[in-house]
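*Asks:* For reference, the file query-v6.txt (compact mmCIF, C-alpha atoms and all ligand atoms) is included below:
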# COMPACT_ATOMS: atom_id res chain seq x y z
CA MET A 791 68.50 -52.93 64.17
CA GLY A 792 70.03 -49.45 64.30
CA VAL A 793 68.28 -46.18 63.50
CA GLN A 794 68.25 -45.99 59.73
CA ALA A 795 68.59 -43.02 57.45
CA PHE A 796 68.68 -42.25 53.79
CA SER A 797 72.22 -41.83 52.56
CA PRO A 798 73.59 -38.93 50.49
CA SER A 799 75.70 -41.31 48.40
CA SER A 800 73.06 -41.89 45.73
CA THR A 801 71.23 -39.85 43.12
CA HIS A 802 67.78 -40.18 41.63
CA LEU A 803 67.66 -41.03 37.92
CA GLU A 804 66.05 -38.38 35.73
CA THR A 805 66.87 -39.74 32.25
CA CYS A 806 67.51 -43.17 30.77
CA ARG A 807 71.11 -44.31 31.25
CA SER A 808 71.19 -45.79 27.76
CA CYS A 809 69.38 -43.35 25.45
CA GLY A 810 68.96 -40.23 27.59
CA SER A 811 65.17 -40.01 27.28
CA GLY A 812 63.18 -38.63 30.19
CA ARG A 813 60.22 -40.94 29.46
CA LEU A 814 60.72 -43.27 32.42
CA ALA A 815 57.55 -45.07 33.54
CA PRO A 816 57.27 -46.75 36.99
CA VAL A 817 57.08 -50.56 36.96
CA LEU A 818 57.82 -51.73 40.53
CA ASP A 819 58.56 -50.10 43.89
CA LEU A 820 60.37 -52.28 46.46
CA GLY A 821 60.58 -49.47 49.03
CA ALA A 822 63.69 -48.26 50.88
CA GLN A 823 66.30 -51.00 50.99
CA PRO A 824 69.87 -51.38 52.25
CA LEU A 825 72.55 -52.34 49.73
CA ALA A 826 71.96 -56.05 49.21
CA ASN A 827 75.64 -57.01 49.53
CA ALA A 828 76.49 -54.68 52.43
CA LEU A 829 76.71 -57.40 55.07
CA VAL A 830 76.73 -56.04 58.60
CA ASP A 831 79.36 -56.77 61.25
CA PRO A 832 77.60 -57.95 64.44
CA GLU A 833 79.48 -55.37 66.55
CA ARG A 834 78.09 -52.61 64.32
CA GLU A 835 74.52 -53.89 64.51
CA GLN A 836 73.27 -50.83 66.41
CA GLU A 837 74.82 -48.32 63.99
CA PRO A 838 72.65 -46.59 61.37
CA GLU A 839 72.43 -48.43 58.08
CA ALA A 840 72.01 -46.52 54.84
CA LEU A 841 68.80 -47.15 52.92
CA TYR A 842 68.18 -46.29 49.28
CA PRO A 843 64.92 -46.26 47.29
CA LEU A 844 64.68 -49.41 45.16
CA LYS A 845 62.37 -48.80 42.19
CA VAL A 846 62.38 -50.11 38.66
CA VAL A 847 61.35 -47.93 35.72
CA PHE A 848 60.85 -48.65 32.02
CA CYS A 849 62.27 -46.33 29.35
CA GLU A 850 59.48 -45.81 26.86
CA ALA A 851 61.98 -44.55 24.27
CA CYS A 852 64.47 -47.46 24.14
CA GLY A 853 62.67 -50.24 26.04
CA LEU A 854 65.27 -50.57 28.81
CA LEU A 855 64.13 -51.55 32.31
CA GLN A 856 66.35 -50.03 35.03
CA VAL A 857 66.64 -49.12 38.70
CA ASP A 858 65.97 -45.41 39.15
CA GLU A 859 68.46 -44.73 41.92
CA THR A 860 72.21 -44.61 41.30
CA VAL A 861 74.43 -45.52 44.24
CA ARG A 862 78.05 -44.36 43.95
CA ALA A 863 80.31 -47.16 42.72
CA ASP A 864 82.83 -46.73 45.54
CA VAL A 865 80.00 -47.27 48.02
CA LEU A 866 78.69 -50.34 46.19
CA PHE A 867 82.01 -52.08 45.56
CA ASN A 868 84.00 -51.32 48.70
CA GLU A 869 86.77 -53.46 50.13
CA ASP A 870 84.28 -55.65 52.00
CA TYR A 871 82.52 -56.70 48.82
CA PRO A 872 81.80 -60.36 49.61
CA TYR A 873 81.33 -61.99 46.23
CA TYR A 874 83.88 -64.67 45.40
CA SER A 875 82.70 -66.72 42.45
CA SER A 876 84.88 -69.70 43.29
CA PHE A 877 82.56 -70.54 46.20
CA ILE A 878 79.79 -71.51 43.78
CA PRO A 879 80.49 -74.93 42.19
CA ALA A 880 77.65 -74.69 39.65
CA LEU A 881 79.12 -71.42 38.39
CA LEU A 882 82.58 -72.97 38.06
CA ALA A 883 81.27 -75.80 35.88
CA HIS A 884 79.22 -73.38 33.79
CA SER A 885 82.27 -71.14 33.23
CA ARG A 886 84.52 -74.03 32.32
CA ASP A 887 82.04 -75.20 29.67
CA HIS A 888 81.86 -71.68 28.27
CA ALA A 889 85.66 -71.36 28.09
CA LEU A 890 86.16 -74.76 26.44
CA GLN A 891 83.45 -73.96 23.90
CA LEU A 892 85.16 -70.68 22.95
CA ILE A 893 88.64 -72.25 22.77
CA GLU A 894 87.37 -74.88 20.37
CA GLU A 895 85.08 -72.74 18.26
CA ARG A 896 87.47 -69.79 17.90
CA ARG A 897 90.56 -72.08 17.74
CA LEU A 898 92.24 -69.96 20.38
CA ALA A 899 96.02 -70.20 20.45
CA PRO A 900 99.02 -68.68 22.28
CA GLU A 901 98.98 -65.64 19.96
CA ASP A 902 95.39 -64.79 20.94
CA LEU A 903 94.34 -62.78 23.96
CA VAL A 904 91.19 -63.22 26.03
CA VAL A 905 90.16 -60.23 28.14
CA GLU A 906 87.52 -60.73 30.76
CA VAL A 907 85.79 -57.78 32.35
CA ALA A 908 84.64 -58.31 35.94
CA SER A 909 86.91 -61.31 36.14
CA ASN A 910 86.45 -61.66 39.91
CA ASP A 911 88.92 -64.19 41.32
CA GLY A 912 89.90 -65.48 37.87
CA TYR A 913 87.69 -68.58 37.97
CA LEU A 914 86.79 -68.35 34.25
CA LEU A 915 90.14 -67.18 32.86
CA ARG A 916 91.96 -70.05 34.56
CA ASN A 917 90.43 -72.38 31.97
CA PHE A 918 92.00 -70.42 29.09
CA LEU A 919 95.38 -70.33 30.83
CA GLU A 920 95.29 -74.11 31.23
CA ALA A 921 94.80 -74.35 27.45
CA GLY A 922 97.80 -72.05 26.82
CA VAL A 923 95.72 -69.01 25.80
CA PRO A 924 96.96 -65.69 27.26
CA VAL A 925 94.44 -63.79 29.37
CA LEU A 926 93.93 -60.53 31.16
CA GLY A 927 91.29 -59.93 33.81
CA VAL A 928 89.90 -56.51 34.74
CA ASP A 929 88.01 -56.13 38.00
CA PRO A 930 87.45 -53.29 40.49
CA ALA A 931 87.23 -55.32 43.72
CA ASP A 932 90.39 -55.57 45.90
CA GLY A 933 89.90 -58.97 47.47
CA PRO A 934 88.96 -60.95 44.34
CA VAL A 935 91.74 -59.22 42.33
CA ARG A 936 94.32 -60.25 44.95
CA ALA A 937 92.96 -63.81 44.89
CA ALA A 938 93.17 -63.91 41.07
CA ILE A 939 96.78 -62.67 41.00
CA GLU A 940 97.76 -65.15 43.71
CA ALA A 941 96.20 -67.89 41.57
CA GLY A 942 98.38 -66.79 38.62
CA VAL A 943 95.70 -65.01 36.58
CA PRO A 944 96.99 -61.62 35.31
CA THR A 945 94.44 -59.07 36.49
CA ARG A 946 94.14 -55.27 36.41
CA LYS A 947 92.30 -53.59 39.28
CA ALA A 948 90.05 -51.09 37.50
CA PHE A 949 86.49 -50.19 36.55
CA PHE A 950 86.37 -51.07 32.85
CA GLY A 951 85.29 -48.37 30.42
CA ALA A 952 86.54 -46.31 27.50
CA ASP A 953 89.59 -44.95 29.41
CA VAL A 954 90.85 -48.37 30.50
CA ALA A 955 90.20 -49.71 26.98
CA ARG A 956 92.32 -46.90 25.45
CA GLN A 957 95.13 -47.62 27.91
CA LEU A 958 95.11 -51.33 27.11
CA ARG A 959 94.99 -50.63 23.40
CA ALA A 960 97.95 -48.27 23.76
CA GLU A 961 99.80 -51.18 25.36
CA GLY A 962 99.14 -53.15 22.17
CA LYS A 963 96.39 -55.33 23.52
CA ARG A 964 93.70 -56.28 20.97
CA PRO A 965 91.76 -59.24 22.34
CA SER A 966 90.21 -61.67 19.88
CA VAL A 967 87.71 -62.63 22.56
CA MET A 968 86.25 -60.44 25.28
CA ILE A 969 83.97 -61.80 27.93
CA ALA A 970 81.82 -59.98 30.44
CA ASN A 971 79.58 -62.20 32.50
CA ASN A 972 77.15 -60.73 35.00
CA VAL A 973 78.46 -57.20 34.74
CA LEU A 974 76.64 -55.64 31.76
CA ALA A 975 73.58 -55.32 33.98
CA HIS A 976 75.59 -53.78 36.83
CA VAL A 977 77.33 -50.79 35.26
CA ASP A 978 75.62 -47.45 35.63
CA SER A 979 77.63 -45.64 32.92
CA ILE A 980 76.62 -48.21 30.35
CA ASN A 981 77.53 -46.25 27.22
CA ASP A 982 81.11 -45.73 28.45
CA PHE A 983 81.30 -49.43 29.32
CA VAL A 984 80.10 -50.63 25.90
CA GLU A 985 82.34 -48.07 24.17
CA GLY A 986 85.26 -49.77 25.94
CA PHE A 987 84.51 -52.97 24.04
CA ALA A 988 84.22 -51.05 20.78
CA ILE A 989 87.66 -49.51 21.39
CA LEU A 990 89.54 -52.60 22.58
CA LEU A 991 88.16 -55.54 20.61
CA ALA A 992 90.26 -56.78 17.66
CA ASP A 993 88.64 -55.94 14.32
CA ASP A 994 87.57 -59.54 13.78
CA GLY A 995 87.08 -60.22 17.50
CA ILE A 996 83.93 -61.20 19.34
CA ALA A 997 82.58 -60.17 22.71
CA GLU A 998 80.27 -62.32 24.79
CA PHE A 999 78.05 -61.13 27.59
CA GLU A 1000 75.95 -63.04 30.06
CA PHE A 1001 73.25 -61.28 32.03
CA PRO A 1002 69.85 -62.07 33.51
CA TYR A 1003 67.03 -61.85 30.96
CA ALA A 1004 64.25 -59.42 31.85
CA ARG A 1005 61.69 -61.77 30.35
CA ASP A 1006 62.66 -64.61 32.70
CA MET A 1007 62.51 -62.26 35.68
CA VAL A 1008 59.04 -61.06 34.75
CA GLU A 1009 57.66 -64.48 33.82
CA GLN A 1010 59.03 -66.12 37.01
CA CYS A 1011 58.19 -63.16 39.24
CA ALA A 1012 61.85 -63.15 40.26
CA PHE A 1013 61.76 -59.65 41.71
CA ASP A 1014 64.43 -60.64 44.22
CA THR A 1015 67.01 -60.37 41.43
CA ILE A 1016 66.44 -56.61 41.71
CA TYR A 1017 68.96 -54.71 43.84
CA HIS A 1018 70.87 -51.46 43.51
CA GLU A 1019 73.95 -52.97 41.88
CA HIS A 1020 71.78 -54.75 39.33
CA VAL A 1021 70.93 -51.57 37.46
CA PHE A 1022 69.57 -53.01 34.19
CA TYR A 1023 67.09 -55.78 33.25
CA TYR A 1024 67.74 -56.37 29.58
CA SER A 1025 65.74 -57.37 26.56
CA LEU A 1026 67.36 -57.91 23.15
CA THR A 1027 65.28 -55.00 21.95
CA ALA A 1028 66.96 -52.58 24.37
CA LEU A 1029 70.41 -54.12 23.83
CA GLU A 1030 70.37 -53.85 20.06
CA ARG A 1031 69.88 -50.09 20.41
CA LEU A 1032 72.61 -49.82 23.05
CA PHE A 1033 75.28 -51.76 21.12
CA GLY A 1034 74.27 -50.19 17.81
CA ARG A 1035 75.11 -46.76 19.22
CA HIS A 1036 78.74 -47.97 19.52
CA GLY A 1037 79.05 -49.71 16.16
CA LEU A 1038 78.59 -53.19 17.60
CA HIS A 1039 75.98 -55.65 16.36
CA LEU A 1040 74.15 -58.58 17.92
CA ASN A 1041 75.22 -61.81 16.18
CA ASP A 1042 73.96 -64.67 18.32
CA VAL A 1043 72.16 -65.46 21.55
CA THR A 1044 71.76 -68.49 23.79
CA ARG A 1045 69.20 -68.80 26.57
CA LEU A 1046 70.75 -70.16 29.75
CA SER A 1047 69.09 -71.45 32.90
CA ILE A 1048 71.84 -70.03 35.15
CA HIS A 1049 70.81 -67.30 37.63
CA GLY A 1050 67.16 -68.10 37.03
CA GLY A 1051 67.28 -67.36 33.31
CA SER A 1052 70.06 -65.53 31.50
CA LEU A 1053 71.13 -64.72 27.99
CA ARG A 1054 74.58 -65.24 26.50
CA LEU A 1055 74.88 -62.65 23.80
CA ARG A 1056 77.57 -62.47 21.14
CA VAL A 1057 78.38 -59.12 19.53
CA SER A 1058 81.00 -58.00 17.05
CA ARG A 1059 81.60 -55.40 14.36
CA SER A 1060 79.86 -57.55 11.73
CA THR A 1061 76.13 -57.60 11.17
CA GLY A 1062 75.31 -61.29 10.60
CA LYS A 1063 72.60 -62.85 12.79
CA THR A 1064 71.96 -66.48 13.64
CA GLU A 1065 68.52 -67.94 13.13
CA ARG A 1066 68.03 -68.38 16.89
CA LEU A 1067 68.80 -64.70 17.48
CA ARG A 1068 66.21 -63.70 14.90
CA ALA A 1069 63.70 -66.09 16.47
CA LEU A 1070 64.16 -64.72 20.00
CA GLN A 1071 63.92 -61.15 18.73
CA ALA A 1072 60.67 -62.08 16.97
CA GLU A 1073 59.35 -63.54 20.25
CA GLU A 1074 60.10 -60.27 22.03
CA VAL A 1075 58.17 -58.37 19.38
CA ALA A 1076 55.23 -60.79 19.71
CA LEU A 1077 55.27 -60.40 23.53
CA GLY A 1078 55.34 -56.62 23.26
CA MET A 1079 58.51 -56.28 25.36
CA ASP A 1080 59.17 -52.95 23.70
CA GLY A 1081 56.11 -51.47 25.44
CA LEU A 1082 55.11 -50.71 29.03
CA GLY A 1083 52.10 -53.04 28.74
CA TYR A 1084 54.30 -56.13 29.03
CA TYR A 1085 55.37 -55.06 32.54
CA SER A 1086 51.99 -53.73 33.72
CA ASP A 1087 50.96 -56.56 36.09
CA PHE A 1088 54.46 -57.34 37.39
CA GLY A 1089 54.07 -55.14 40.50
CA ASP A 1090 50.75 -56.76 41.49
CA ARG A 1091 52.21 -60.24 41.06
CA VAL A 1092 55.20 -59.32 43.23
CA ARG A 1093 52.97 -57.99 46.01
CA SER A 1094 50.82 -61.17 45.90
CA LEU A 1095 53.96 -63.28 46.17
CA ARG A 1096 55.04 -61.28 49.22
CA ASP A 1097 51.64 -61.76 50.89
CA GLU A 1098 51.71 -65.51 50.21
CA LEU A 1099 55.22 -65.77 51.67
CA ARG A 1100 54.16 -63.90 54.80
CA ALA A 1101 51.21 -66.29 55.20
CA LEU A 1102 53.37 -69.40 54.68
CA ILE A 1103 56.17 -68.38 57.06
CA GLY A 1104 53.71 -66.80 59.49
CA GLY A 1105 51.88 -70.14 59.68
CA PHE A 1106 55.09 -71.97 60.56
CA CYS A 1107 55.92 -69.38 63.23
CA ALA A 1108 52.44 -69.71 64.73
CA ALA A 1109 53.00 -73.47 64.92
CA HIS A 1110 56.34 -72.81 66.73
CA LYS A 1111 58.38 -74.27 63.89
CA LYS A 1112 61.94 -73.14 63.40
CA VAL A 1113 62.69 -71.65 59.99
CA ALA A 1114 66.20 -71.02 58.65
CA ALA A 1115 67.37 -69.97 55.19
CA TYR A 1116 70.03 -70.96 52.68
CA GLY A 1117 72.17 -68.49 50.71
CA ALA A 1118 73.21 -65.06 52.01
CA ALA A 1119 73.17 -63.59 48.51
CA ALA A 1120 71.86 -60.25 47.29
CA LYS A 1121 68.55 -61.78 46.22
CA GLY A 1122 67.97 -63.01 49.78
CA ALA A 1123 68.48 -59.50 51.10
CA THR A 1124 66.00 -58.05 48.60
CA LEU A 1125 63.42 -60.74 49.31
CA LEU A 1126 63.59 -60.54 53.10
CA ASN A 1127 63.77 -56.75 53.28
CA PHE A 1128 60.74 -56.46 51.02
CA ALA A 1129 58.81 -59.30 52.69
CA GLN A 1130 59.22 -57.81 56.18
CA LEU A 1131 58.47 -61.11 57.93
CA PRO A 1132 57.87 -60.98 61.70
CA ALA A 1133 61.10 -60.31 63.68
CA GLY A 1134 62.98 -63.55 64.30
CA ALA A 1135 60.89 -65.51 61.78
CA ILE A 1136 64.10 -66.60 60.03
CA SER A 1137 66.50 -67.76 62.77
CA PHE A 1138 69.65 -67.77 60.64
CA VAL A 1139 70.87 -68.12 57.08
CA VAL A 1140 73.66 -70.51 56.08
CA ASP A 1141 76.20 -69.89 53.34
CA ARG A 1142 79.22 -71.76 51.98
CA ASN A 1143 81.15 -68.53 51.51
CA THR A 1144 83.36 -68.30 54.59
CA HIS A 1145 83.82 -64.54 53.97
CA LYS A 1146 80.15 -64.08 54.82
CA VAL A 1147 79.83 -66.37 57.84
CA GLY A 1148 79.58 -64.45 61.14
CA LYS A 1149 78.04 -61.35 59.56
CA LEU A 1150 74.40 -60.26 59.33
CA LEU A 1151 72.21 -59.86 56.26
CA PRO A 1152 71.71 -56.12 55.65
CA GLY A 1153 68.49 -54.53 56.89
CA VAL A 1154 66.81 -57.58 58.39
CA HIS A 1155 70.00 -58.54 60.30
CA VAL A 1156 69.55 -62.30 60.01
CA PRO A 1157 72.83 -63.91 61.22
CA ILE A 1158 74.90 -65.78 58.60
CA ARG A 1159 76.23 -69.14 59.75
CA ASN A 1160 78.20 -72.04 58.43
CA VAL A 1161 76.26 -74.60 56.32
CA ASP A 1162 76.98 -77.30 58.91
CA GLU A 1163 74.48 -75.62 61.22
CA LEU A 1164 71.65 -76.81 59.02
CA LEU A 1165 72.42 -80.29 60.34
CA SER A 1166 73.41 -79.40 63.89
CA GLU A 1167 70.49 -77.01 64.49
CA LYS A 1168 67.95 -78.95 62.41
CA PRO A 1169 65.49 -76.16 61.65
CA ASP A 1170 62.07 -77.57 60.66
CA TYR A 1171 62.14 -75.57 57.43
CA CYS A 1172 64.84 -74.02 55.30
CA LEU A 1173 63.90 -71.30 52.82
CA ILE A 1174 66.24 -71.47 49.83
CA LEU A 1175 67.00 -67.83 49.04
CA THR A 1176 69.45 -68.70 46.25
CA TRP A 1177 66.74 -70.58 44.36
CA ASN A 1178 68.83 -70.36 41.18
CA PHE A 1179 71.10 -73.01 42.73
CA ALA A 1180 68.26 -74.97 44.41
CA ASP A 1181 68.97 -78.32 42.74
CA GLU A 1182 72.60 -78.23 43.77
CA ILE A 1183 71.74 -77.16 47.33
CA VAL A 1184 69.19 -79.95 47.74
CA GLN A 1185 71.74 -82.48 46.45
CA GLN A 1186 74.36 -81.23 48.90
CA GLN A 1187 71.98 -81.16 51.84
CA ARG A 1188 70.50 -84.64 51.65
CA GLY A 1189 71.56 -85.15 55.26
CA TYR A 1190 69.24 -82.32 56.30
CA LEU A 1191 66.35 -83.86 54.36
CA GLU A 1192 67.03 -87.32 55.77
CA ALA A 1193 66.95 -85.78 59.26
CA GLY A 1194 63.42 -84.56 58.50
CA GLY A 1195 64.22 -81.07 57.27
CA VAL A 1196 62.03 -79.48 54.61
CA PHE A 1197 63.07 -76.95 51.98
CA LEU A 1198 60.94 -73.98 51.00
CA ARG A 1199 61.22 -71.47 48.22
CA ALA A 1200 59.63 -68.11 47.50
CA VAL A 1201 60.16 -67.77 43.74
CA PRO A 1202 58.29 -68.25 41.38
CA HIS A 1203 55.77 -68.62 44.21
CA PRO A 1204 56.07 -69.51 47.89
CA GLU A 1205 55.88 -73.27 48.44
CA VAL A 1206 57.21 -76.33 50.16
CA MET A 1207 59.62 -77.79 47.62
CA GLN A 1208 59.24 -81.13 45.96
CA THR A 1209 62.56 -82.75 46.76
CA GLY A 1210 62.04 -86.32 45.61
CA ILE A 1211 62.03 -89.32 47.92
CA PHE A 1212 63.79 -87.41 50.68
CA CYS A 1213 60.89 -85.04 51.17
CA GLY A 1214 57.92 -86.63 52.90
CA ALA A 1215 54.17 -86.23 52.33
CA GLY A 1216 52.65 -82.80 52.14
CA ALA A 1217 55.19 -81.48 49.68
CA ALA A 1218 52.73 -79.89 47.33
CA ARG A 1219 52.07 -76.52 45.83
ZN ZN B 1301 66.15 -45.34 27.04
Give the structure from the file, written as structure tokens.
Ligand SMILES: [Zn+2]
*Replies:*
Amino acid sequence: MGVQAFSPSSTHLETCRSCGSGRLAPVLDLGAQPLANALVDPEREQEPEALYPLKVVFCEACGLLQVDETVRADVLFNEDYPYYSSFIPALLAHSRDHALQLIEERRLAPEDLVVEVASNDGYLLRNFLEAGVPVLGVDPADGPVRAAIEAGVPTRKAFFGADVARQLRAEGKRPSVMIANNVLAHVDSINDFVEGFAILLADDGIAEFEFPYARDMVEQCAFDTIYHEHVFYYSLTALERLFGRHGLHLNDVTRLSIHGGSLRLRVSRSTGKTERLRALQAEEVALGMDGLGYYSDFGDRVRSLRDELRALIGGFCAAHKKVAAYGAAAKGATLLNFAQLPAGAISFVVDRNTHKVGKLLPGVHVPIRNVDELLSEKPDYCLILTWNFADEIVQQQRGYLEAGGVFLRAVPHPEVMQTGIFCGAGAAR
């Protein structure tokens, strides 16, 4: 590992990004961490790696949980940004279902337009195109935008916000459906971003957003979903204030299991609310999610989880067992950099994304290898870092289980996983 230094490319947050209040109360401190998606080239292993404080604070004025360090967008989303959604089969199926549901419910036709923000490589929009519905993707990342265009999905390379929305509107674009999945939580200038929807959306249009739900993160102790790009951890309480500021209203919500617990939120210019939206808002009130008290023991639970993980992995190391990991995603980087396991405790991490193979996880510098190596190297244990896709991974890796391999997970608490008949005795909490 190279000599590490704090980088000048970030600024400390003084006021809430949503409402501007200075009443930001500390909730969790994960220490100095590298950018979770900044995979390291092996030949640059000795070079200094930038570290940034990773802390979460709660705005006592508007109820929004957020990271209190802002890393410059051009640093976060550079040309090496490794996230290609099409490498995640569960996500593809989920997106297809979402698209088909919208096409049917909104009776989308060739005269409609669907605009997706953070459209990545076009994996969601493809489903609308196949149904004859015109689309436009907007995404800031070079590689995925090129892949989308090559796949025939019209895509603009840009950071979406009020300016881009005005441009598109000037070109006559008024989408009847806008979609933004897993981006609402990642945009620092959140008021400009939401204003973009208010500007562009057709008068009777709807916008849908998917994002991890703060309540699921807290209840499942999923602190590894925290990283610098993931700026916000939303409740409906905080979102209603944010959208309301831009003349948009919450209409409906669905709880989703994807990414360890997400919400799909529908907003529009009309004020009607579904019964399930009212019910979930009432639950938030009952839980006290609008107050700091709800988050008060989160930090202690996270530190206990870390200590249990160190004990579990440390025990395997002491017994000379080989431990590998699955999933070189951001959450793996957060978990391992916070856990600070003994050097070499995790021999390697496998990933299906060929853009990642051959690089090193940031900070901890665990080498990323092809998934096949789980079978060829046969580590005694494999820690599933991308626990949100654990079922799918276990299904795919039956060969590893049959060869005697054992899966572990860290969230919601460190344990040997129950993996059905393929996992032998001793698989208990
Ligand atoms: Zn606020």
*Asks:* Do you know which residues are within 9 Å of ligand ZN 1301 (chain B) using only C-alpha atoms and all ligand atoms? Can you write them as a ChimeraX atom specification?
*Replies:* /A:805-814,848-855,1028,1031-1032
*Asks:* Could you state the separation of atom CA of A:Leu990 and atom CA of A:Pro965 in Å, given to one decimal place?
*Replies:* 7.0 Å
*Asks:* By how many Å are atom CA of A:Asn1041 and atom CA of A:Leu926 apart?
*Replies:*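 The value is 24.0 Å.
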*Asks:* Between A:Gln891, A:Ser1086, A:Ser800, A:Asn917, which residue has the minimum interatomic distance to A:Thr860, considering all atoms listed in the file?
*Replies:* A:Ser800
*Asks:* How big is the axis-aligned box around all listed atoms of stretch 1138-1149 of chain A once 3 Å goes on each side, and where's its centre, in Å to one decimal, as lines of an AutoDock Vina configuration file?
*Replies:*
center_x = 76.7
center_y = -66.6
center_z = 56.3
size_x = 20.2
size_y = 16.4
size_z = 15.6
*Asks:* For each of A:Thr1124, A:Ser1058, A:Gln1186, A:Thr1027, take the minimum atom-to-atom distance to A:Leu825, counting all atoms listed in the file, then give the residue where this is smallest.
*Replies:*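 Under the stated criterion, the closest residue is A:Thr1124.
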*Asks:* For each of A:Ala840, A:Leu866, A:Val847, A:Ala1072, take the minimum atom-to-atom distance to A:Leu820, counting only C-alpha atoms, then give the residue where this is smallest.
*Replies:*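 With only C-alpha atoms as the atom set, the closest residue is A:Val847.
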*Asks:* How far is it from atom CA of A:Arg956 to atom CA of A:Phe987, in Å with one decimal?
*Replies:* 10.0 Å
*Asks:* Measuring between all atoms listed in the file, which one of A:Arg1054, A:Thr1061, A:Ala1012, A:Val1139 shows the shortest distance to A:Leu1095?
*Replies:* A:Ala1012
*Asks:* Identify the residues around (88.6, -58.9, 13.3) within a radius of 10 Å, measuring from all atoms listed in the file in the coordinates stated by the file, and give them as a PyMOL selection string.
*Replies:* chain A and resi 964-966+991-996+1058-1060
*Asks:* Taking (82.9, -48.4, 44.1) in the file's own coordinates, collect the residues within 12 Å, counting all atoms listed in the file, and hand them back as a list in words.
*Replies:* Ser799, Ser800, Thr860, Val861, Arg862, Ala863, Asp864, Val865, Leu866, Phe867, Asn868, Glu869, Asp870, Tyr871, Asp929, Pro930, Ala931, Asp932, Lys947, Ala948, Phe949, His976, Val977, Asp978 and Glu1019 of chain A
*Asks:* Excluding A:Ala880 and its own-chain neighbours fewer than 4 positions away, which residues fall within 12 Å of it when counting all atoms listed in the file? Please give them as number ranges by chain.
*Replies:* A: 875-876, 884-887, 913, 1047-1049, 1178-1183, 1185-1186
*Asks:* Excluding A:Ser1094 and its own-chain neighbours fewer than 3 positions away, which residues fall within 12 Å of it when counting only C-alpha atoms? Please give them as a ChimeraX atom specification.
*Replies:* /A:1011,1013,1087-1091,1097-1101,1129,1200-1204
*Asks:* How about saving the chosen residues, C-alpha atoms kept, as a PDB file, keeping the file's coordinate frame?
*Replies:*
ATOM      1  CA  CYS A1011      58.190 -63.160  39.240  1.00  0.00           C
ATOM      2  CA  PHE A1013      61.760 -59.650  41.710  1.00  0.00           C
ATOM      3  CA  ASP A1087      50.960 -56.560  36.090  1.00  0.00           C
ATOM      4  CA  PHE A1088      54.460 -57.340  37.390  1.00  0.00           C
ATOM      5  CA  GLY A1089      54.070 -55.140  40.500  1.00  0.00           C
ATOM      6  CA  ASP A1090      50.750 -56.760  41.490  1.00  0.00           C
ATOM      7  CA  ARG A1091      52.210 -60.240  41.060  1.00  0.00           C
ATOM      8  CA  ASP A1097      51.640 -61.760  50.890  1.00  0.00           C
ATOM      9  CA  GLU A1098      51.710 -65.510  50.210  1.00  0.00           C
ATOM     10  CA  LEU A1099      55.220 -65.770  51.670  1.00  0.00           C
ATOM     11  CA  ARG A1100      54.160 -63.900  54.800  1.00  0.00           C
ATOM     12  CA  ALA A1101      51.210 -66.290  55.200  1.00  0.00           C
ATOM     13  CA  ALA A1129      58.810 -59.300  52.690  1.00  0.00           C
ATOM     14  CA  ALA A1200      59.630 -68.110  47.500  1.00  0.00           C
ATOM     15  CA  VAL A1201      60.160 -67.770  43.740  1.00  0.00           C
ATOM     16  CA  PRO A1202      58.290 -68.250  41.380  1.00  0.00           C
ATOM     17  CA  HIS A1203      55.770 -68.620  44.210  1.00  0.00           C
ATOM     18  CA  PRO A1204      56.070 -69.510  47.890  1.00  0.00           C
TER      19      PRO A1204
END
*Asks:* Please list as a VMD selection string every residue within 12 Å of A:Tyr1003, counting only C-alpha atoms and excluding residues in the same chain fewer than 4 positions away.
*Replies:* chain A and resid 854 to 855 972 974 to 975 999 1007 to 1010 1012 1015 to 1016 1020 1022 to 1029 1043 to 1055 1070 1074 1079
*Asks:* Kindly complete stretch 956-960 of chain A to N, CA, C and O atoms; the output should be written as a PDB file, in the coordinates of the input.
*Replies:*
ATOM      1  N   ARG A 956      91.298 -47.665  26.200  1.00  0.00           N
ATOM      2  CA  ARG A 956      92.320 -46.900  25.450  1.00  0.00           C
ATOM      3  C   ARG A 956      93.712 -47.203  25.975  1.00  0.00           C
ATOM      4  O   ARG A 956      94.649 -47.393  25.197  1.00  0.00           O
ATOM      5  N   GLN A 957      93.827 -47.282  27.312  1.00  0.00           N
ATOM      6  CA  GLN A 957      95.130 -47.620  27.910  1.00  0.00           C
ATOM      7  C   GLN A 957      95.611 -48.977  27.431  1.00  0.00           C
ATOM      8  O   GLN A 957      96.761 -49.139  27.022  1.00  0.00           O
ATOM      9  N   LEU A 958      94.724 -49.961  27.493  1.00  0.00           N
ATOM     10  CA  LEU A 958      95.110 -51.330  27.110  1.00  0.00           C
ATOM     11  C   LEU A 958      95.464 -51.383  25.628  1.00  0.00           C
ATOM     12  O   LEU A 958      96.417 -52.048  25.223  1.00  0.00           O
ATOM     13  N   ARG A 959      94.720 -50.645  24.838  1.00  0.00           N
ATOM     14  CA  ARG A 959      94.990 -50.630  23.400  1.00  0.00           C
ATOM     15  C   ARG A 959      96.347 -49.978  23.139  1.00  0.00           C
ATOM     16  O   ARG A 959      97.122 -50.430  22.294  1.00  0.00           O
ATOM     17  N   ALA A 960      96.646 -48.935  23.899  1.00  0.00           N
ATOM     18  CA  ALA A 960      97.950 -48.270  23.760  1.00  0.00           C
ATOM     19  C   ALA A 960      99.095 -49.216  24.135  1.00  0.00           C
ATOM     20  O   ALA A 960     100.216 -49.066  23.655  1.00  0.00           O
TER      21      ALA A 960
END
